[in-house]
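*Asks:* One file: coords36.cif (mmCIF, C-alpha atoms).
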data_final
#
loop_
_atom_site.label_atom_id
_atom_site.label_comp_id
_atom_site.auth_asym_id
_atom_site.auth_seq_id
_atom_site.Cartn_x
_atom_site.Cartn_y
_atom_site.Cartn_z
CA MET A 1 0.14 -12.23 70.80
CA LYS A 2 -1.68 -9.14 69.62
CA ILE A 3 1.38 -8.00 67.75
CA LYS A 4 1.83 -11.43 66.22
CA PHE A 5 -1.82 -11.53 65.22
CA GLN A 6 -1.48 -8.17 63.49
CA SER A 7 1.66 -9.44 61.77
CA VAL A 8 -0.19 -12.46 60.48
CA LEU A 9 -2.96 -10.22 59.20
CA PHE A 10 -0.38 -7.98 57.50
CA VAL A 11 1.34 -10.95 55.86
CA PHE A 12 -1.99 -12.37 54.75
CA ALA A 13 -3.07 -9.03 53.31
CA PHE A 14 0.31 -8.60 51.59
CA PHE A 15 0.08 -11.99 49.89
CA ALA A 16 -3.60 -11.47 49.05
CA LEU A 17 -2.75 -8.13 47.45
CA GLY A 18 0.17 -9.73 45.62
CA THR A 19 -2.11 -12.47 44.32
CA LEU A 20 -4.70 -9.91 43.20
CA THR A 21 -2.03 -7.79 41.51
CA SER A 22 -0.57 -10.83 39.81
CA SER A 23 -4.04 -11.83 38.63
CA CYS A 24 -4.68 -8.33 37.26
CA ASP A 25 -1.31 -8.29 35.52
CA LYS A 26 -2.04 -11.66 33.98
CA GLU A 27 -5.45 -10.46 32.85
CA ALA A 28 -3.96 -7.33 31.32
CA ALA A 29 -1.38 -9.42 29.46
CA ASP A 30 -4.00 -11.71 27.93
CA THR A 31 -4.48 -11.19 24.22
CA THR A 32 -7.91 -10.50 22.81
CA PRO A 33 -9.50 -13.57 21.19
CA GLU A 34 -9.02 -13.67 17.45
CA ASN A 35 -12.75 -13.42 16.73
CA LEU A 36 -12.94 -10.15 18.70
CA LYS A 37 -9.94 -8.36 17.21
CA GLN A 38 -10.80 -5.34 15.11
CA PRO A 39 -8.64 -4.14 12.21
CA THR A 40 -7.04 -0.79 12.96
CA GLU A 41 -6.43 2.34 10.95
CA GLU A 42 -2.70 1.67 11.34
CA ASP A 43 -3.17 -1.69 9.60
CA ALA A 44 -4.93 0.10 6.75
CA VAL A 45 -2.08 2.62 6.43
CA ASP A 46 0.56 -0.14 6.39
CA ALA A 47 -1.34 -2.05 3.69
CA MET A 48 -1.75 1.13 1.63
CA THR A 49 1.95 1.92 1.99
CA GLY A 50 2.84 -1.45 0.48
CA ALA A 51 0.36 -0.95 -2.33
CA LEU A 52 1.83 2.45 -3.21
CA GLN A 53 5.59 2.29 -2.78
CA ALA A 54 7.90 1.54 -5.66
CA SER A 55 10.13 -0.69 -3.51
CA THR A 56 7.23 -3.11 -2.92
CA GLU A 57 6.30 -3.07 -6.63
CA GLY A 58 3.34 -0.86 -5.84
CA MET A 59 1.50 1.72 -7.89
CA ALA A 60 4.41 4.19 -7.93
CA LYS A 61 6.64 1.64 -9.66
CA GLU A 62 3.89 0.94 -12.18
CA ILE A 63 3.47 4.64 -12.95
CA ASP A 64 7.22 5.06 -13.31
CA ALA A 65 7.49 2.18 -15.79
CA THR A 66 4.43 3.38 -17.71
CA THR A 67 6.01 6.81 -18.04
CA ASP A 68 9.06 5.20 -19.65
CA LEU A 69 6.78 3.39 -22.10
CA ALA A 70 4.92 6.60 -22.96
CA GLU A 71 8.21 8.41 -23.50
CA SER A 72 9.36 5.75 -25.98
CA TYR A 73 6.46 6.66 -28.27
CA THR A 74 7.03 10.41 -28.11
CA GLU A 75 10.36 9.91 -29.84
CA LYS A 76 8.55 8.95 -33.04
CA SER A 77 7.04 11.52 -35.38
CA GLY A 78 4.99 9.14 -37.51
CA GLY A 79 4.51 5.55 -38.60
CA SER A 80 3.85 4.41 -35.05
CA PRO A 81 2.05 1.11 -34.47
CA CYS A 82 -1.32 2.77 -33.99
CA GLY A 83 -4.37 0.65 -33.39
CA GLU A 84 -2.37 -2.48 -32.57
CA THR A 85 -2.35 -4.26 -29.22
CA PHE A 86 0.90 -5.31 -27.58
CA ASP A 87 1.67 -7.46 -24.56
CA SER A 88 4.61 -8.39 -22.39
CA THR A 89 5.23 -10.72 -19.42
CA PHE A 90 8.21 -10.52 -17.09
CA VAL A 91 9.42 -11.07 -13.52
CA ARG A 92 11.10 -8.45 -11.38
CA SER A 93 12.99 -9.10 -8.12
CA VAL A 94 14.23 -6.87 -5.31
CA ASN A 95 16.90 -7.96 -2.83
CA GLU A 96 18.03 -5.11 -0.61
CA THR A 97 18.96 -4.69 3.05
CA ASN A 98 15.47 -3.87 4.32
CA ILE A 99 13.31 -5.38 1.61
CA THR A 100 12.95 -8.42 -0.59
CA ALA A 101 10.29 -8.79 -3.28
CA GLU A 102 9.48 -10.83 -6.36
CA TYR A 103 6.57 -10.18 -8.72
CA ALA A 104 5.38 -11.51 -12.06
CA PHE A 105 3.74 -9.05 -14.46
CA THR A 106 1.54 -9.07 -17.54
CA TRP A 107 1.20 -5.85 -19.53
CA GLU A 108 -1.15 -5.15 -22.43
CA TRP A 109 -1.31 -1.80 -24.20
CA SER A 110 -2.38 0.10 -27.31
CA LEU A 111 -2.03 3.59 -28.75
CA ASP A 112 -4.59 6.19 -29.72
CA CYS A 113 -3.32 8.18 -32.70
CA ASN A 114 -4.43 11.00 -34.97
CA ALA A 115 -4.86 10.81 -38.75
CA ALA A 116 -1.10 11.27 -39.21
CA ASP A 117 -0.38 8.23 -37.03
CA ILE A 118 1.05 10.40 -34.26
CA PRO A 119 0.33 8.89 -30.81
CA LEU A 120 -1.98 10.97 -28.65
CA GLY A 121 -2.68 8.58 -25.79
CA LEU A 122 -1.69 5.26 -24.29
CA ASN A 123 -4.11 2.65 -22.93
CA LEU A 124 -2.85 -0.06 -20.57
CA ALA A 125 -4.06 -3.03 -18.56
CA ILE A 126 -1.59 -4.47 -16.05
CA THR A 127 -1.76 -7.45 -13.69
CA SER A 128 0.80 -8.70 -11.20
CA SER A 129 1.23 -11.16 -8.34
CA GLY A 130 4.01 -11.79 -5.87
CA THR A 131 5.38 -11.31 -2.38
CA TYR A 132 7.40 -8.78 -0.43
CA GLU A 133 8.92 -8.50 3.04
CA THR A 134 10.00 -5.28 4.74
CA ALA A 135 10.96 -4.38 8.28
CA ARG A 136 7.25 -3.80 8.98
CA MET A 137 5.32 -6.24 6.86
CA ILE A 138 5.19 -9.59 5.06
CA SER A 139 2.72 -9.67 2.16
CA GLU A 140 1.49 -11.95 -0.59
CA ASP A 141 -0.75 -10.09 -3.02
CA ALA A 142 -2.00 -9.50 -6.53
CA SER A 143 -2.96 -6.35 -8.39
CA GLY A 144 -4.83 -5.25 -11.48
CA SER A 145 -4.96 -1.82 -13.05
CA THR A 146 -6.16 0.09 -16.08
CA TRP A 147 -4.57 3.35 -17.21
CA THR A 148 -4.96 6.01 -19.83
CA VAL A 149 -2.00 8.32 -20.42
CA ASP A 150 -2.72 11.51 -22.34
CA ASN A 151 -0.62 14.41 -23.63
CA LEU A 152 1.98 12.21 -25.29
CA PHE A 153 2.93 15.00 -27.69
CA THR A 154 1.33 18.05 -26.08
CA GLY A 155 1.87 19.87 -22.82
CA ALA A 156 4.62 19.69 -20.22
CA ASN A 157 3.10 16.75 -18.34
CA TYR A 158 1.84 13.26 -19.03
CA VAL A 159 -1.63 12.95 -17.50
CA PHE A 160 -2.63 9.64 -15.92
CA ASN A 161 -6.18 8.54 -15.13
CA GLY A 162 -7.18 5.08 -14.04
CA THR A 163 -7.84 2.50 -11.36
CA PHE A 164 -5.36 0.47 -9.33
CA GLU A 165 -6.53 -2.47 -7.21
CA ARG A 166 -4.49 -4.69 -4.91
CA THR A 167 -5.64 -7.60 -2.76
CA GLY A 168 -3.60 -9.82 -0.50
CA ALA A 169 -2.72 -11.31 2.86
CA GLN A 170 -0.41 -9.47 5.23
CA GLU A 171 1.41 -10.18 8.49
CA SER A 172 2.48 -7.15 10.47
CA LYS A 173 5.90 -7.26 12.16
CA VAL A 174 5.19 -4.24 14.40
CA ARG A 175 2.73 -3.22 17.15
CA ASN A 176 0.38 -6.19 17.81
CA GLN A 177 1.74 -8.13 14.82
CA ASN A 178 -1.73 -8.54 13.38
CA ALA A 179 -2.43 -10.86 10.48
CA PHE A 180 -5.12 -9.71 8.05
CA THR A 181 -6.26 -9.60 4.45
CA SER A 182 -6.68 -6.40 2.48
CA ALA A 183 -8.52 -5.18 -0.60
CA ILE A 184 -7.41 -1.76 -1.83
CA THR A 185 -8.94 0.32 -4.62
CA ILE A 186 -7.40 3.59 -5.81
CA GLU A 187 -9.22 5.80 -8.33
CA VAL A 188 -6.69 8.24 -9.80
CA ASP A 189 -7.76 11.59 -11.22
CA ASP A 190 -5.43 13.68 -13.40
CA LEU A 191 -2.08 12.57 -12.06
CA ASN A 192 0.51 14.87 -13.65
CA ILE A 193 3.98 13.52 -14.46
CA ASP A 194 6.65 16.01 -15.47
CA LYS A 195 8.01 15.00 -18.89
CA GLY A 196 11.47 16.32 -18.11
CA THR A 197 12.09 14.83 -14.66
CA LYS A 198 9.51 12.03 -14.98
CA GLN A 199 8.44 12.78 -11.41
CA ILE A 200 4.92 13.10 -10.07
CA LYS A 201 4.00 16.79 -9.81
CA SER A 202 0.41 16.68 -8.61
CA GLY A 203 -2.81 14.71 -8.61
CA ILE A 204 -5.52 13.31 -6.37
CA ALA A 205 -7.17 9.93 -5.85
CA GLU A 206 -9.97 8.33 -3.88
CA ALA A 207 -8.99 5.29 -1.85
CA THR A 208 -10.94 2.45 -0.27
CA ILE A 209 -9.18 0.03 2.05
CA VAL A 210 -11.03 -3.06 3.30
CA ILE A 211 -9.19 -4.89 6.09
CA THR A 212 -10.37 -8.27 7.41
CA GLY A 213 -8.75 -9.48 10.62
CA SER A 214 -7.72 -13.04 11.37
CA GLY A 215 -10.92 -13.48 13.39
CA GLY A 216 -13.10 -12.48 10.44
CA ASN A 217 -13.92 -8.92 11.50
CA THR A 218 -13.95 -6.47 8.61
CA GLN A 219 -13.37 -2.73 8.66
CA THR A 220 -13.66 -0.40 5.66
CA PHE A 221 -11.59 2.77 5.54
CA SER A 222 -12.29 5.49 2.99
CA GLY A 223 -9.74 8.17 2.30
CA ASP A 224 -8.13 10.58 -0.11
CA LEU A 225 -4.66 10.62 -1.61
CA VAL A 226 -2.97 13.91 -2.42
CA PHE A 227 0.15 13.47 -4.54
CA ASN A 228 2.87 15.93 -3.60
CA GLY A 229 5.88 17.03 -5.52
CA GLY A 230 9.12 15.46 -4.35
CA GLY A 231 8.02 11.84 -4.43
CA SER A 232 5.53 11.67 -1.57
CA VAL A 233 1.79 11.30 -1.14
CA THR A 234 -0.50 12.26 1.74
CA LEU A 235 -3.13 9.72 2.78
CA ILE A 236 -6.08 11.26 4.65
CA ILE A 237 -8.43 8.99 6.63
CA ASP A 238 -11.09 10.46 8.94
CA GLY A 239 -9.14 13.70 9.24
CA ASN A 240 -5.86 11.93 10.07
CA SER A 241 -2.98 12.56 7.65
CA TYR A 242 -0.16 10.15 6.86
CA THR A 243 2.77 11.02 4.58
CA ILE A 244 4.08 8.11 2.50
CA ASP A 245 7.35 8.24 0.57
CA LEU A 246 6.79 6.64 -2.82
CA PHE A 247 10.42 6.05 -3.80
#
The structure given in the file should be rewritten as C-alpha cells.
*Replies:*
Amino acid sequence: MKIKFQSVLFVFAFFALGTLTSSCDKEAADTTPENLKQPTEEDAVDAMTGALQASTEGMAKEIDATTDLAESYTEKSGGSPCGETFDSTFVRSVNETNITAEYAFTWEWSLDCNAADIPLGLNLAITSSGTYETARMISEDASGSTWTVDNLFTGANYVFNGTFERTGAQESKVRNQNAFTSAITIEVDDLNIDKGTKQIKSGIAEATIVITGSGGNTQTFSGDLVFNGGGSVTLIIDGNSYTIDLF
C-alpha cells in the first residue's frame, strides 16, 4: 500500500506539474492587449523603408523623376519658360513579383532664371496618395513635398534641398504583424545628384518618425539619414544603424 500511495502521489504531482506547465505555456502564448502594445523601432524602420524606396513610390522615386525634369531644362540655352508655373497630374502603377503599388500624383513647378533667361534653379511642390504591398508590409498613405534644385547649369551635381512628408496606415506582415499609423518627416540638406549618372552621391537628412499603435500608444523616433553612393542610405536611430536600398 505504501508503494501504491507513493505512486498516486507521483501521478498527482505529474498531472499537477503538467497542468501548471500548460497554464504557463498558455499564459506565454497570450498576446498583449491592444491598448498596451508599444510601437517598436523595427516598425519605424519598416515605415521609413516604404517612404524612401523607389519601388514603393517613395522619396527616391520622386528625386529620380525630379532629376529628369531638371535635366530637360539644362538642354536649353535660352528662351526657357522662366517665371511661369506648370503643373501635371498622373497615375503610376507597379505590378512585380514581390510588390504591387498604385499612386496618383500632382506636380507643380517653376524655374528661377538669370537675366538671359537661363534656368538656375527648379522649385517644386509634389503631392501623392496611394497604396502598396510588399512581402513585409501593406500600406495606404499620402505624401507632400517641396524641393529646390540648384546648379542646373553649373557644377557636376544637382543639389536638392527640401522636405518630404508621408503619413499613412500600415499592416506589418512580419514579426508580430502589428498594425499602426505613421507620420514621417524628412528634412533634406544638400543632396548631391551626379549629372552624368543621375545617381545620389552624398547628402544628409534629419528624420522624425511618429508611430501610433492599434491601441493608441504613440512613439516618436528621431534619427539621421546618411545618403551613400551606390543607391543606399543609412538610417541611424539611437545609435542603431540600418542600411536601406533605395532602388
*Asks:* Within 12 Å of (8.7, 0.9, -4.9), in the coordinates the file gives, what residues turn up when you count all atoms listed in the file, written out as number ranges by chain?
*Replies:* A: 49-65, 92-94, 96, 99-103, 132, 134, 231-232, 244-247
*Asks:* What's around Met48 (chain A) at 9 Å? Count only C-alpha atoms, leave out sequence neighbours fewer than 6 positions away in its own chain, and write the answer as a PDB file with C-alpha atoms, in the coordinates of the input.
*Replies:*
ATOM      1  CA  ILE A 184      -7.410  -1.760  -1.830  1.00  0.00           C
ATOM      2  CA  ILE A 209      -9.180   0.030   2.050  1.00  0.00           C
ATOM      3  CA  LEU A 235      -3.130   9.720   2.780  1.00  0.00           C
TER       4      LEU A 235
END
*Asks:* I need the output of the PyMOL selection byres ((chain A and resi 83) around 7) for this file as a ChimeraX atom specification; which residues are they?
*Replies:* /A:81-82,84-85,110-112
*Asks:* CA of Ala135 (chain A) to CA of Asn228 (chain A): how many Å, to one decimal?
*Replies:*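 Computed distance, CA of Ala135 (chain A) to CA of Asn228 (chain A), equals 24.9 Å.
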*Asks:* Dig up all the protein and nucleic acid residues within 6 Å of (-1.7, 9.5, -4.7) in the file frame, using only C-alpha atoms, and format them as a list in words.
*Replies:* Ile204, Ala205, Leu225, Val226, Phe227 and Val233 of chain A
*Asks:* Could you write region 147-158 of chain A as a PDB file, in the coordinates of the input, with all heavy atoms rebuilt where they are missing?
*Replies:*
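So result_28.pdb came out as:
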ATOM      1  N   TRP A 147      -5.058   1.981 -17.138  1.00  0.00           N
ATOM      2  CA  TRP A 147      -4.570   3.350 -17.210  1.00  0.00           C
ATOM      3  C   TRP A 147      -4.797   3.940 -18.588  1.00  0.00           C
ATOM      4  O   TRP A 147      -4.716   3.235 -19.599  1.00  0.00           O
ATOM      5  CB  TRP A 147      -3.055   3.403 -16.927  1.00  0.00           C
ATOM      6  CG  TRP A 147      -2.639   2.958 -15.580  1.00  0.00           C
ATOM      7  CD1 TRP A 147      -2.023   1.777 -15.248  1.00  0.00           C
ATOM      8  CD2 TRP A 147      -2.804   3.667 -14.344  1.00  0.00           C
ATOM      9  NE1 TRP A 147      -1.793   1.712 -13.901  1.00  0.00           N
ATOM     10  CE2 TRP A 147      -2.257   2.858 -13.319  1.00  0.00           C
ATOM     11  CE3 TRP A 147      -3.356   4.910 -14.020  1.00  0.00           C
ATOM     12  CZ2 TRP A 147      -2.259   3.257 -11.991  1.00  0.00           C
ATOM     13  CZ3 TRP A 147      -3.347   5.306 -12.692  1.00  0.00           C
ATOM     14  CH2 TRP A 147      -2.806   4.484 -11.693  1.00  0.00           C
ATOM     15  N   THR A 148      -5.063   5.224 -18.603  1.00  0.00           N
ATOM     16  CA  THR A 148      -4.960   6.010 -19.830  1.00  0.00           C
ATOM     17  C   THR A 148      -3.934   7.104 -19.562  1.00  0.00           C
ATOM     18  O   THR A 148      -3.943   7.732 -18.491  1.00  0.00           O
ATOM     19  CB  THR A 148      -6.304   6.649 -20.238  1.00  0.00           C
ATOM     20  OG1 THR A 148      -6.743   7.543 -19.201  1.00  0.00           O
ATOM     21  CG2 THR A 148      -7.358   5.577 -20.481  1.00  0.00           C
ATOM     22  N   VAL A 149      -3.041   7.285 -20.527  1.00  0.00           N
ATOM     23  CA  VAL A 149      -2.000   8.320 -20.420  1.00  0.00           C
ATOM     24  C   VAL A 149      -2.178   9.264 -21.593  1.00  0.00           C
ATOM     25  O   VAL A 149      -2.028   8.864 -22.753  1.00  0.00           O
ATOM     26  CB  VAL A 149      -0.595   7.707 -20.430  1.00  0.00           C
ATOM     27  CG1 VAL A 149       0.449   8.798 -20.192  1.00  0.00           C
ATOM     28  CG2 VAL A 149      -0.470   6.607 -19.386  1.00  0.00           C
ATOM     29  N   ASP A 150      -2.498  10.509 -21.299  1.00  0.00           N
ATOM     30  CA  ASP A 150      -2.720  11.510 -22.340  1.00  0.00           C
ATOM     31  C   ASP A 150      -1.559  12.499 -22.398  1.00  0.00           C
ATOM     32  O   ASP A 150      -0.657  12.475 -21.572  1.00  0.00           O
ATOM     33  CB  ASP A 150      -4.040  12.255 -22.074  1.00  0.00           C
ATOM     34  CG  ASP A 150      -5.246  11.328 -22.166  1.00  0.00           C
ATOM     35  OD1 ASP A 150      -5.303  10.539 -23.128  1.00  0.00           O
ATOM     36  OD2 ASP A 150      -6.116  11.390 -21.273  1.00  0.00           O
ATOM     37  N   ASN A 151      -1.635  13.361 -23.416  1.00  0.00           N
ATOM     38  CA  ASN A 151      -0.620  14.410 -23.630  1.00  0.00           C
ATOM     39  C   ASN A 151       0.725  13.835 -24.052  1.00  0.00           C
ATOM     40  O   ASN A 151       1.778  14.347 -23.671  1.00  0.00           O
ATOM     41  CB  ASN A 151      -0.427  15.265 -22.376  1.00  0.00           C
ATOM     42  CG  ASN A 151      -1.571  16.225 -22.144  1.00  0.00           C
ATOM     43  OD1 ASN A 151      -2.584  16.177 -22.832  1.00  0.00           O
ATOM     44  ND2 ASN A 151      -1.416  17.093 -21.164  1.00  0.00           N
ATOM     45  N   LEU A 152       0.705  12.768 -24.858  1.00  0.00           N
ATOM     46  CA  LEU A 152       1.980  12.210 -25.290  1.00  0.00           C
ATOM     47  C   LEU A 152       2.820  13.214 -26.061  1.00  0.00           C
ATOM     48  O   LEU A 152       4.043  13.241 -25.917  1.00  0.00           O
ATOM     49  CB  LEU A 152       1.749  10.946 -26.131  1.00  0.00           C
ATOM     50  CG  LEU A 152       1.824   9.616 -25.355  1.00  0.00           C
ATOM     51  CD1 LEU A 152       0.742   9.550 -24.302  1.00  0.00           C
ATOM     52  CD2 LEU A 152       1.733   8.431 -26.302  1.00  0.00           C
ATOM     53  N   PHE A 153       2.181  14.043 -26.886  1.00  0.00           N
ATOM     54  CA  PHE A 153       2.930  15.000 -27.690  1.00  0.00           C
ATOM     55  C   PHE A 153       2.592  16.456 -27.355  1.00  0.00           C
ATOM     56  O   PHE A 153       3.149  17.365 -27.961  1.00  0.00           O
ATOM     57  CB  PHE A 153       2.681  14.762 -29.184  1.00  0.00           C
ATOM     58  CG  PHE A 153       3.663  13.803 -29.788  1.00  0.00           C
ATOM     59  CD1 PHE A 153       3.379  12.457 -29.833  1.00  0.00           C
ATOM     60  CD2 PHE A 153       4.877  14.240 -30.302  1.00  0.00           C
ATOM     61  CE1 PHE A 153       4.283  11.561 -30.383  1.00  0.00           C
ATOM     62  CE2 PHE A 153       5.788  13.356 -30.844  1.00  0.00           C
ATOM     63  CZ  PHE A 153       5.494  12.002 -30.896  1.00  0.00           C
ATOM     64  N   THR A 154       1.696  16.678 -26.435  1.00  0.00           N
ATOM     65  CA  THR A 154       1.330  18.050 -26.080  1.00  0.00           C
ATOM     66  C   THR A 154       1.529  18.271 -24.592  1.00  0.00           C
ATOM     67  O   THR A 154       1.445  17.332 -23.787  1.00  0.00           O
ATOM     68  CB  THR A 154      -0.135  18.336 -26.439  1.00  0.00           C
ATOM     69  OG1 THR A 154      -0.985  17.420 -25.720  1.00  0.00           O
ATOM     70  CG2 THR A 154      -0.375  18.182 -27.934  1.00  0.00           C
ATOM     71  N   GLY A 155       1.762  19.528 -24.223  1.00  0.00           N
ATOM     72  CA  GLY A 155       1.870  19.870 -22.820  1.00  0.00           C
ATOM     73  C   GLY A 155       3.183  19.472 -22.177  1.00  0.00           C
ATOM     74  O   GLY A 155       3.979  18.715 -22.737  1.00  0.00           O
ATOM     75  N   ALA A 156       3.389  19.974 -20.954  1.00  0.00           N
ATOM     76  CA  ALA A 156       4.620  19.690 -20.220  1.00  0.00           C
ATOM     77  C   ALA A 156       4.538  18.430 -19.379  1.00  0.00           C
ATOM     78  O   ALA A 156       5.555  17.924 -18.905  1.00  0.00           O
ATOM     79  CB  ALA A 156       4.957  20.880 -19.313  1.00  0.00           C
ATOM     80  N   ASN A 157       3.295  17.908 -19.217  1.00  0.00           N
ATOM     81  CA  ASN A 157       3.100  16.750 -18.340  1.00  0.00           C
ATOM     82  C   ASN A 157       2.368  15.626 -19.063  1.00  0.00           C
ATOM     83  O   ASN A 157       1.504  15.868 -19.911  1.00  0.00           O
ATOM     84  CB  ASN A 157       2.268  17.142 -17.113  1.00  0.00           C
ATOM     85  CG  ASN A 157       2.867  18.280 -16.330  1.00  0.00           C
ATOM     86  OD1 ASN A 157       4.082  18.356 -16.148  1.00  0.00           O
ATOM     87  ND2 ASN A 157       2.016  19.177 -15.858  1.00  0.00           N
ATOM     88  N   TYR A 158       2.711  14.397 -18.717  1.00  0.00           N
ATOM     89  CA  TYR A 158       1.840  13.260 -19.030  1.00  0.00           C
ATOM     90  C   TYR A 158       0.709  13.290 -17.994  1.00  0.00           C
ATOM     91  O   TYR A 158       0.934  13.593 -16.820  1.00  0.00           O
ATOM     92  CB  TYR A 158       2.576  11.937 -18.917  1.00  0.00           C
ATOM     93  CG  TYR A 158       3.742  11.779 -19.854  1.00  0.00           C
ATOM     94  CD1 TYR A 158       5.054  11.713 -19.377  1.00  0.00           C
ATOM     95  CD2 TYR A 158       3.541  11.671 -21.233  1.00  0.00           C
ATOM     96  CE1 TYR A 158       6.125  11.561 -20.235  1.00  0.00           C
ATOM     97  CE2 TYR A 158       4.615  11.506 -22.101  1.00  0.00           C
ATOM     98  CZ  TYR A 158       5.905  11.462 -21.599  1.00  0.00           C
ATOM     99  OH  TYR A 158       6.974  11.315 -22.451  1.00  0.00           O
TER     100      TYR A 158
END
